[in-house]
Structures are given as C-alpha cells and as structure tokens.
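S.K.: query.tsv is reproduced below (TSV, C-alpha atoms).
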chain	number	residue	atom	x	y	z
A	985	MET	CA	22.52	37.48	26.46
A	986	ASP	CA	20.35	35.68	23.97
A	987	LYS	CA	18.90	32.40	25.14
A	988	VAL	CA	17.54	29.62	23.01
A	989	PRO	CA	14.13	28.53	24.33
A	990	ILE	CA	13.78	24.89	25.39
A	991	LEU	CA	10.13	23.85	25.26
A	992	ASN	CA	8.87	20.99	27.36
A	993	LEU	CA	6.37	19.22	25.13
A	994	TYR	CA	4.78	16.23	26.84
A	995	ASP	CA	7.63	13.71	27.35
A	996	TYR	CA	10.05	15.52	25.08
A	997	LEU	CA	12.13	18.66	24.92
A	998	LEU	CA	11.94	20.76	21.80
A	999	VAL	CA	14.61	23.26	20.79
A	1000	SER	CA	14.50	25.32	17.62
A	1001	ILE	CA	17.66	27.16	16.77
A	1002	GLN	CA	17.60	30.56	15.11
A	1003	THR	CA	20.08	31.68	12.51
A	1004	ASP	CA	23.29	33.51	13.42
A	1005	ILE	CA	23.76	31.89	16.78
A	1006	HIS	CA	26.93	32.83	18.68
A	1007	ASP	CA	29.34	30.23	20.06
A	1008	LEU	CA	28.61	31.41	23.61
A	1009	ILE	CA	24.87	30.89	23.14
A	1010	ILE	CA	25.38	27.42	21.68
A	1011	GLN	CA	27.59	26.53	24.64
A	1012	ALA	CA	24.98	27.83	27.09
A	1013	LEU	CA	22.33	25.91	25.18
A	1014	GLN	CA	24.24	22.66	25.65
A	1015	GLU	CA	24.25	23.18	29.41
A	1016	ASP	CA	20.60	24.27	29.42
A	1017	ILE	CA	19.54	21.15	27.50
A	1018	LEU	CA	21.38	18.83	29.90
A	1019	THR	CA	19.92	20.66	32.92
A	1020	ALA	CA	16.44	20.45	31.40
A	1021	ILE	CA	16.82	16.69	30.82
A	1022	ARG	CA	17.74	16.21	34.48
A	1023	LYS	CA	14.89	18.42	35.65
A	1024	THR	CA	12.10	17.07	33.46
A	1025	HIS	CA	13.34	13.46	33.12
A	1026	ALA	CA	12.77	13.85	29.39
A	1027	ARG	CA	13.91	10.86	27.38
A	1028	GLY	CA	13.92	12.61	24.03
A	1029	VAL	CA	15.25	15.92	22.80
A	1030	LEU	CA	14.43	17.29	19.37
A	1031	ILE	CA	16.67	20.03	18.00
A	1032	ASP	CA	15.35	21.70	14.85
A	1033	ILE	CA	17.94	23.53	12.77
A	1034	SER	CA	15.83	24.14	9.65
A	1035	THR	CA	16.53	27.89	9.71
A	1036	LEU	CA	20.30	27.34	9.76
A	1037	ASP	CA	21.82	27.92	6.32
A	1038	ILE	CA	25.31	27.18	7.53
A	1039	VAL	CA	27.14	25.49	10.41
A	1040	ASP	CA	30.73	25.88	11.55
A	1041	SER	CA	32.92	23.25	13.16
A	1042	PHE	CA	32.16	24.51	16.67
A	1043	MET	CA	28.41	24.19	16.15
A	1044	ALA	CA	28.79	20.74	14.58
A	1045	ARG	CA	30.96	19.49	17.44
A	1046	THR	CA	28.64	20.97	20.07
A	1047	LEU	CA	25.60	19.31	18.50
A	1048	ARG	CA	27.33	15.94	18.41
A	1049	ASP	CA	28.68	16.32	21.97
A	1050	THR	CA	25.24	17.33	23.26
A	1051	ALA	CA	23.79	14.16	21.76
A	1052	LEU	CA	26.47	12.02	23.42
A	1053	MET	CA	26.07	13.77	26.78
A	1054	ALA	CA	22.30	13.46	26.63
A	1055	ARG	CA	22.70	9.70	26.12
A	1056	LEU	CA	24.62	9.57	29.41
A	1057	LEU	CA	21.60	11.17	31.08
A	1058	GLY	CA	19.28	8.66	29.43
A	1059	ALA	CA	17.88	10.84	26.65
A	1060	TYR	CA	18.03	10.55	22.87
A	1061	VAL	CA	18.73	13.59	20.70
A	1062	VAL	CA	17.29	13.87	17.21
A	1063	ILE	CA	18.33	16.69	14.88
A	1064	THR	CA	15.69	17.76	12.34
A	1065	GLY	CA	15.54	20.06	9.34
A	1066	ILE	CA	19.13	19.75	8.16
A	1067	GLN	CA	19.48	21.73	4.93
A	1068	PRO	CA	21.56	20.31	2.03
A	1069	ALA	CA	24.36	22.86	2.53
A	1070	VAL	CA	24.47	22.01	6.23
A	1071	ALA	CA	24.62	18.27	5.48
A	1072	ILE	CA	27.56	18.90	3.14
A	1073	THR	CA	29.40	20.89	5.80
A	1074	LEU	CA	28.73	18.32	8.50
A	1075	VAL	CA	30.22	15.52	6.44
A	1076	ASP	CA	33.10	17.74	5.23
A	1077	LEU	CA	33.86	18.50	8.88
A	1078	GLY	CA	34.25	14.79	9.48
A	1079	LEU	CA	31.09	14.25	11.46
A	1080	ASN	CA	30.09	10.60	11.35
A	1081	PRO	CA	26.34	10.56	10.60
A	1082	GLU	CA	26.05	7.32	12.55
A	1083	HIS	CA	26.67	9.29	15.72
A	1084	LEU	CA	23.63	11.48	15.15
A	1085	TYR	CA	19.95	10.65	14.86
A	1086	THR	CA	18.34	12.86	12.26
A	1087	ALA	CA	14.93	13.29	10.63
A	1088	THR	CA	13.45	15.47	7.89
A	1089	ASP	CA	11.02	17.48	9.97
A	1090	VAL	CA	9.66	17.83	13.48
A	1091	ASN	CA	6.86	15.28	13.03
A	1092	ALA	CA	9.27	12.65	11.69
A	1093	GLY	CA	11.66	13.56	14.50
A	1094	PHE	CA	9.08	12.92	17.20
A	1095	GLU	CA	8.19	9.60	15.58
A	1096	LEU	CA	11.86	8.62	15.56
A	1097	LEU	CA	12.22	9.57	19.23
A	1098	HIS	CA	9.12	7.54	20.04
A	1099	ASP	CA	10.56	4.51	18.21
A	1100	LEU	CA	13.99	4.87	19.84
A	1101	ILE	CA	12.48	4.99	23.31
A	1102	ALA	CA	10.08	2.10	22.66
A	1103	ASP	CA	13.01	0.11	21.33
A	1104	GLU	CA	15.10	0.87	24.41
A	1105	ASP	CA	12.22	-0.10	26.68
A	1106	SER	CA	11.76	-3.45	24.94
A	1107	ARG	CA	15.51	-4.13	25.18
A	1108	MET	CA	15.42	-3.33	28.88
A	1109	TYR	CA	12.82	-6.03	29.43
A	1110	GLU	CA	14.82	-8.56	27.44
A	1111	GLU	CA	17.84	-7.94	29.63
A	1112	VAL	CA	16.02	-8.83	32.83
A	1113	PRO	CA	17.19	-12.42	33.48
A	1114	GLY	CA	14.40	-14.96	33.58
A	1115	TYR	CA	11.87	-12.35	32.51
A	1116	GLU	CA	10.40	-14.58	29.81
A	1117	ASN	CA	10.06	-17.47	32.21
A	1118	GLN	CA	8.09	-15.30	34.61
A	1119	GLN	CA	5.54	-14.78	31.88
A	1120	ASP	CA	4.53	-18.48	31.98
B	418	MET	CA	19.03	38.40	8.70
B	419	ASP	CA	17.90	36.32	11.63
B	420	LYS	CA	14.78	34.28	11.08
B	421	VAL	CA	12.49	32.85	13.73
B	422	PRO	CA	11.78	29.18	12.96
B	423	ILE	CA	8.15	28.20	12.46
B	424	LEU	CA	7.71	24.49	13.16
B	425	ASN	CA	4.86	22.55	11.63
B	426	LEU	CA	3.77	20.18	14.36
B	427	TYR	CA	0.88	17.97	13.30
B	428	ASP	CA	-2.10	20.33	12.80
B	429	TYR	CA	-0.43	23.27	14.47
B	430	LEU	CA	2.35	25.76	13.96
B	431	LEU	CA	4.81	26.31	16.77
B	432	VAL	CA	6.96	29.40	17.10
B	433	SER	CA	9.37	30.03	19.95
B	434	ILE	CA	10.79	33.50	20.16
B	435	GLN	CA	14.32	34.11	21.35
B	436	THR	CA	15.36	37.06	23.46
B	437	ASP	CA	16.54	40.33	21.94
B	438	ILE	CA	14.50	40.13	18.80
B	439	HIS	CA	14.69	43.09	16.43
B	440	ASP	CA	11.62	44.92	15.11
B	441	LEU	CA	12.46	43.87	11.56
B	442	ILE	CA	12.58	40.21	12.53
B	443	ILE	CA	9.28	40.43	14.38
B	444	GLN	CA	7.71	42.05	11.33
B	445	ALA	CA	9.11	39.34	9.05
B	446	LEU	CA	7.86	36.73	11.51
B	447	GLN	CA	4.31	38.10	11.26
B	448	GLU	CA	4.38	37.66	7.49
B	449	ASP	CA	6.01	34.23	7.77
B	450	ILE	CA	3.34	33.03	10.21
B	451	LEU	CA	0.51	34.19	7.93
B	452	THR	CA	2.18	32.59	4.90
B	453	ALA	CA	2.68	29.35	6.84
B	454	ILE	CA	-1.00	29.29	7.88
B	455	ARG	CA	-2.05	29.61	4.23
B	456	LYS	CA	0.43	26.98	3.12
B	457	THR	CA	-0.21	24.34	5.79
B	458	HIS	CA	-3.90	25.10	6.47
B	459	ALA	CA	-2.99	25.11	10.15
B	460	ARG	CA	-5.87	26.10	12.39
B	461	GLY	CA	-3.78	26.82	15.45
B	462	VAL	CA	-0.56	28.74	16.07
B	463	LEU	CA	1.31	28.59	19.34
B	464	ILE	CA	3.81	31.37	20.05
B	465	ASP	CA	6.01	30.74	23.08
B	466	ILE	CA	7.65	33.83	24.56
B	467	SER	CA	8.93	32.27	27.79
B	468	THR	CA	12.50	33.46	27.15
B	469	LEU	CA	11.39	37.07	26.71
B	470	ASP	CA	12.11	39.11	29.83
B	471	ILE	CA	10.71	42.27	28.33
B	472	VAL	CA	8.43	43.43	25.51
B	473	ASP	CA	8.11	46.85	23.91
B	474	SER	CA	5.00	48.41	22.41
B	475	PHE	CA	5.96	47.35	18.89
B	476	MET	CA	6.29	43.71	19.89
B	477	ALA	CA	3.03	43.83	21.86
B	478	ARG	CA	1.14	45.38	18.95
B	479	THR	CA	2.63	42.95	16.45
B	480	LEU	CA	1.66	39.94	18.58
B	481	ARG	CA	-1.91	41.20	18.91
B	482	ASP	CA	-2.15	42.09	15.20
B	483	THR	CA	-0.79	38.69	14.20
B	484	ALA	CA	-3.51	37.02	16.29
B	485	LEU	CA	-6.20	39.14	14.61
B	486	MET	CA	-4.81	38.53	11.12
B	487	ALA	CA	-4.52	34.79	11.77
B	488	ARG	CA	-8.22	34.75	12.73
B	489	LEU	CA	-9.02	36.15	9.28
B	490	LEU	CA	-7.17	33.18	7.79
B	491	GLY	CA	-9.09	30.79	10.04
B	492	ALA	CA	-6.41	30.08	12.65
B	493	TYR	CA	-6.28	30.73	16.38
B	494	VAL	CA	-3.14	32.13	18.02
B	495	VAL	CA	-2.24	31.23	21.59
B	496	ILE	CA	0.65	32.96	23.37
B	497	THR	CA	2.39	30.88	26.04
B	498	GLY	CA	5.03	31.46	28.69
B	499	ILE	CA	4.29	35.11	29.47
B	500	GLN	CA	6.56	36.17	32.34
B	501	PRO	CA	5.18	38.40	35.12
B	502	ALA	CA	7.19	41.43	33.97
B	503	VAL	CA	5.91	40.92	30.42
B	504	ALA	CA	2.32	40.65	31.64
B	505	ILE	CA	2.74	43.94	33.52
B	506	THR	CA	4.11	45.65	30.41
B	507	LEU	CA	1.38	44.26	28.16
B	508	VAL	CA	-1.37	45.65	30.41
B	509	ASP	CA	0.51	48.93	30.95
B	510	LEU	CA	0.72	49.29	27.17
B	511	GLY	CA	-3.04	49.08	27.04
B	512	LEU	CA	-3.33	45.62	25.52
B	513	ASN	CA	-6.73	44.15	26.23
B	514	PRO	CA	-6.10	40.58	27.45
B	515	GLU	CA	-9.47	39.58	25.99
B	516	HIS	CA	-8.01	40.00	22.53
B	517	LEU	CA	-5.31	37.41	23.18
B	518	TYR	CA	-5.54	33.73	24.01
B	519	THR	CA	-2.82	32.80	26.47
B	520	ALA	CA	-1.67	29.73	28.41
B	521	THR	CA	1.02	28.97	30.99
B	522	ASP	CA	3.12	26.57	28.96
B	523	VAL	CA	3.27	24.80	25.63
B	524	ASN	CA	1.24	21.78	26.73
B	525	ALA	CA	-1.55	23.95	28.14
B	526	GLY	CA	-1.35	26.05	24.98
B	527	PHE	CA	-1.91	23.05	22.70
B	528	GLU	CA	-4.85	21.95	24.86
B	529	LEU	CA	-6.36	25.42	24.58
B	530	LEU	CA	-5.91	25.38	20.79
B	531	HIS	CA	-7.53	21.96	20.64
B	532	ASP	CA	-10.51	23.21	22.67
B	533	LEU	CA	-10.87	26.40	20.63
B	534	ILE	CA	-10.91	24.46	17.37
B	535	ALA	CA	-13.30	21.80	18.68
B	536	ASP	CA	-15.56	24.59	19.93
B	537	GLU	CA	-15.49	26.31	16.55
B	538	ASP	CA	-16.28	23.03	14.77
B	539	SER	CA	-19.30	22.38	16.99
B	540	ARG	CA	-20.56	25.95	16.41
B	541	MET	CA	-20.18	25.47	12.67
B	542	TYR	CA	-22.50	22.48	12.77
B	543	GLU	CA	-25.06	24.38	14.85
B	544	GLU	CA	-25.13	27.16	12.28
B	545	VAL	CA	-26.08	24.89	9.42
B	546	PRO	CA	-29.86	25.50	9.03
B	547	GLY	CA	-31.98	22.42	9.50
B	548	TYR	CA	-28.96	20.39	10.52
B	549	GLU	CA	-30.69	19.03	13.61
B	550	ASN	CA	-33.72	18.00	11.57
B	551	GLN	CA	-31.56	16.06	9.18
B	552	GLN	CA	-30.45	13.95	12.11
B	553	ASP	CA	-33.96	12.49	12.52
Spit out the file's structure as structure tokens when you get a sec.
M.R.:
Amino acid sequence: MDKVPILNLYDYLLVSIQTDIHDLIIQALQEDILTAIRKTHARGVLIDISTLDIVDSFMARTLRDTALMARLLGAYVVITGIQPAVAITLVDLGLNPEHLYTATDVNAGFELLHDLIADEDSRMYEEVPGYENQQD
Amino acid sequence: MDKVPILNLYDYLLVSIQTDIHDLIIQALQEDILTAIRKTHARGVLIDISTLDIVDSFMARTLRDTALMARLLGAYVVITGIQPAVAITLVDLGLNPEHLYTATDVNAGFELLHDLIADEDSRMYEEVPGYENQQD
C-alpha cells in the first residue's frame, strides 16, 4: 500500500501529501503521524497540501482530528498550501478555521510552529507559581 | 494525474517520493524539479526516497539524470533515505554511486547540501584571477 512519507526535520515533522490519496492511506497517515510524534518527541507537525486540488469530507475531518490528537500528545499541527478551491470546500464542509493552524507556504508554516511553541513555553513559565519571585 | 509536491524550504527544494510511483509521474517530476530550480534559483535539491522499498531501472536512471541536469542549472541534488534493498538494486543496475550525492536522512542531507554549496562558493573565489592579490 502507498505510504505518505513523514520527514523528521530538526525539531519538526514534515508531511507533504500527494494528489489522489485514498481514505485508507489518509487513515494510516494519521496513525503514522501520531506514532512519529511519540517517537521523535516532535512538538510541531507541518502538513503541506499544496498539490491537493480538492478535499472530501473524510480528508477534512481526518486533518482536523489529527490536529486535535496531536495536541493531546503535545504537538502543534500547521496545514500549509491550501488552494482556494480547497479552502472553499473546507468551509462548506463546516470546518471551523479556528480549529486549524494554517499558513501560506512551508517557510511561513515553520515560522508559525516556532511561534506557537515559543508562546507555549513562555506560558508554561508563567504558570509556575512564584516563578517571578524566584527571579529576584 | 498524481503530482509529487516540491516544497520550497528556504534556499532549498525538498521532494519526498511516495511508494508506487508511476513512470509518467517520475518523468513529470524531473521536469517540475528543473522548472522549480529555474524559478526559485535554488542551489540545492533534496529528494527523500525513504518510503521506497524498491526501485526499477527507469526510476534509477531518472534520479541520476535529474541530478546531472540540475548541476547544469547550478543546483546540487542529494538523495536521502535509501533503504538497503534499494541500494542493492541501484548498484546491481550499474549506477555509479560517485555520480550521486546521498545522505542517511533529511537533516544529514541538508547539511551535505550546505557543505557542497559552501565548497562551491569558496572554489569560485579561488578561481577569480588575482583575487588574493586584491586582498592586500
């Protein structure tokens, strides 16, 4: 069966999806991404779908679910390269864009991941009680 | 028709090939890579084939040819993630490993590209006649 490659690039995982992907492959990809997050302790996953001209409801739901599941494992998912037609379909399908981090291209996506993680790290410090006092 | 995504990552192009790729797609990919090099002025292309369990002679020849053609456009090609079975086939098919730059994984591949380009830059300066004298 076809397998979508998951590349381990420094602290991130990078997945680029080819056109005409079957439901079974997308489902396997979801599991592979979660396994890879566990294995590599990656805190960011970038999924590029710039070659996708079209998405169906299964693909849209799987992408959203993968992002939610990845959050449970401590990783952010950013989707890049969404084409206009795909954006239309995603909204038509009822996907709430607030549930998905997106960026124009891979470079912008990595920057967004970097910012999200830095932001999370700074919030983690704030939450430590008495942390600011210890700085004195 | 399926299309292999070519990601523009900073100064490089990144291509990850999925399993079960047809000859027509590989041929289109060759053209797409060369067009992308021209368009982005990328000096390095990384092709990850870690999900490929097997290569045939057409794929092997196309990979080698793409590397040679990219050189003519001023870009280096590094192939990463070659599996043992693929390495066996490549040598059995008569591919001279000296004609291909390879690395274990994507990170090592980007480092190799960085070194190759830095090396080329330093050689370019050496070749300028009287360059050393101008430094005095």
S.K.: For Ala492 of chain B, please output as a ChimeraX atom specification all residues within 7 Å (counting all atoms listed in the file; exclusion window: fewer than 2 positions along the same chain).
M.R.: /B:459-462,487-488,490,494
S.K.: Compile the residues of chain B that lie within 10 Å of chain A, evaluated using all atoms listed in the file, and express the compilation as a PyMOL selection string.
M.R.: chain B and resi 418-427+431-438+465-469+498+522-525+527
S.K.: I'd like the neighbourhood of segment 1040-1052 of chain A as an MDAnalysis selection string, where a residue qualifies if any of its atoms comes within 7 Å (using all atoms listed in the file), though same-chain residues fewer than 5 positions away should be ignored.
M.R.: chainID A and resid 1014 1060:1061 1074 1077 1084
S.K.: Quick one: write out the picked residues with C-alpha atoms as a PDB file, keeping the file's coordinate frame?
M.R.:
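Written output follows (selection.pdb):
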ATOM      1  CA  GLN A1014      24.240  22.660  25.650  1.00  0.00           C
ATOM      2  CA  TYR A1060      18.030  10.550  22.870  1.00  0.00           C
ATOM      3  CA  VAL A1061      18.730  13.590  20.700  1.00  0.00           C
ATOM      4  CA  LEU A1074      28.730  18.320   8.500  1.00  0.00           C
ATOM      5  CA  LEU A1077      33.860  18.500   8.880  1.00  0.00           C
ATOM      6  CA  LEU A1084      23.630  11.480  15.150  1.00  0.00           C
TER       7      LEU A1084
END
S.K.: What does the structure give for the distance between atom CA of Pro514 of chain B and atom CA of Leu997 of chain A, in Å to one decimal?
M.R.: 28.6 Å
S.K.: Between A:Glu1110, A:Asp1105, A:Asp1076, A:Glu1095, which one has atoms that come closest to Tyr996 of chain A, using all atoms listed in the file?
M.R.: A:Glu1095
S.K.: Record the distance separating atom CA of Asp532 of chain B and atom CA of Asp428 of chain B, expressed in Å with one decimal.
M.R.: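 A separation of 13.3 Å between them.
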S.K.: One number please: atom CA of Thr521 of chain B to atom CA of Leu463 of chain B, in Å, one decimal.
M.R.: 11.7 Å
S.K.: Can you pull out the residues contacting Val1039 of chain A? Cut-off 9 Å, using only C-alpha atoms, and skip same-chain residues under 6 positions away; I want them as a VMD selection string.
M.R.: chain A and resid 1069 to 1070 1073 to 1074
S.K.: As a PDB file, in the frame of the given file, please: segment 452-463 of chain B completed to N, CA and C atoms.
M.R.:
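The result, written out as rebuild_2.pdb:
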ATOM      1  N   THR B 452       1.886  33.409   6.080  1.00  0.00           N
ATOM      2  CA  THR B 452       2.180  32.590   4.900  1.00  0.00           C
ATOM      3  C   THR B 452       2.119  31.103   5.261  1.00  0.00           C
ATOM      4  N   ALA B 453       2.665  30.754   6.433  1.00  0.00           N
ATOM      5  CA  ALA B 453       2.680  29.350   6.840  1.00  0.00           C
ATOM      6  C   ALA B 453       1.262  28.839   7.096  1.00  0.00           C
ATOM      7  N   ILE B 454       0.397  29.708   7.649  1.00  0.00           N
ATOM      8  CA  ILE B 454      -1.000  29.290   7.880  1.00  0.00           C
ATOM      9  C   ILE B 454      -1.663  28.954   6.546  1.00  0.00           C
ATOM     10  N   ARG B 455      -1.474  29.838   5.563  1.00  0.00           N
ATOM     11  CA  ARG B 455      -2.050  29.610   4.230  1.00  0.00           C
ATOM     12  C   ARG B 455      -1.526  28.308   3.629  1.00  0.00           C
ATOM     13  N   LYS B 456      -0.224  28.099   3.788  1.00  0.00           N
ATOM     14  CA  LYS B 456       0.430  26.980   3.120  1.00  0.00           C
ATOM     15  C   LYS B 456       0.043  25.638   3.771  1.00  0.00           C
ATOM     16  N   THR B 457      -0.008  25.613   5.099  1.00  0.00           N
ATOM     17  CA  THR B 457      -0.210  24.340   5.790  1.00  0.00           C
ATOM     18  C   THR B 457      -1.668  24.132   6.190  1.00  0.00           C
ATOM     19  N   HIS B 458      -2.522  25.156   6.010  1.00  0.00           N
ATOM     20  CA  HIS B 458      -3.900  25.100   6.470  1.00  0.00           C
ATOM     21  C   HIS B 458      -3.997  24.850   7.975  1.00  0.00           C
ATOM     22  N   ALA B 459      -2.973  25.291   8.701  1.00  0.00           N
ATOM     23  CA  ALA B 459      -2.990  25.110  10.150  1.00  0.00           C
ATOM     24  C   ALA B 459      -4.133  25.926  10.742  1.00  0.00           C
ATOM     25  N   ARG B 460      -4.773  25.363  11.756  1.00  0.00           N
ATOM     26  CA  ARG B 460      -5.870  26.100  12.390  1.00  0.00           C
ATOM     27  C   ARG B 460      -5.471  26.615  13.764  1.00  0.00           C
ATOM     28  N   GLY B 461      -4.250  26.316  14.163  1.00  0.00           N
ATOM     29  CA  GLY B 461      -3.780  26.820  15.450  1.00  0.00           C
ATOM     30  C   GLY B 461      -2.301  27.177  15.382  1.00  0.00           C
ATOM     31  N   VAL B 462      -1.961  28.315  16.007  1.00  0.00           N
ATOM     32  CA  VAL B 462      -0.560  28.740  16.070  1.00  0.00           C
ATOM     33  C   VAL B 462      -0.214  28.989  17.520  1.00  0.00           C
ATOM     34  N   LEU B 463       0.870  28.378  17.977  1.00  0.00           N
ATOM     35  CA  LEU B 463       1.310  28.590  19.340  1.00  0.00           C
ATOM     36  C   LEU B 463       2.606  29.396  19.314  1.00  0.00           C
TER      37      LEU B 463
END
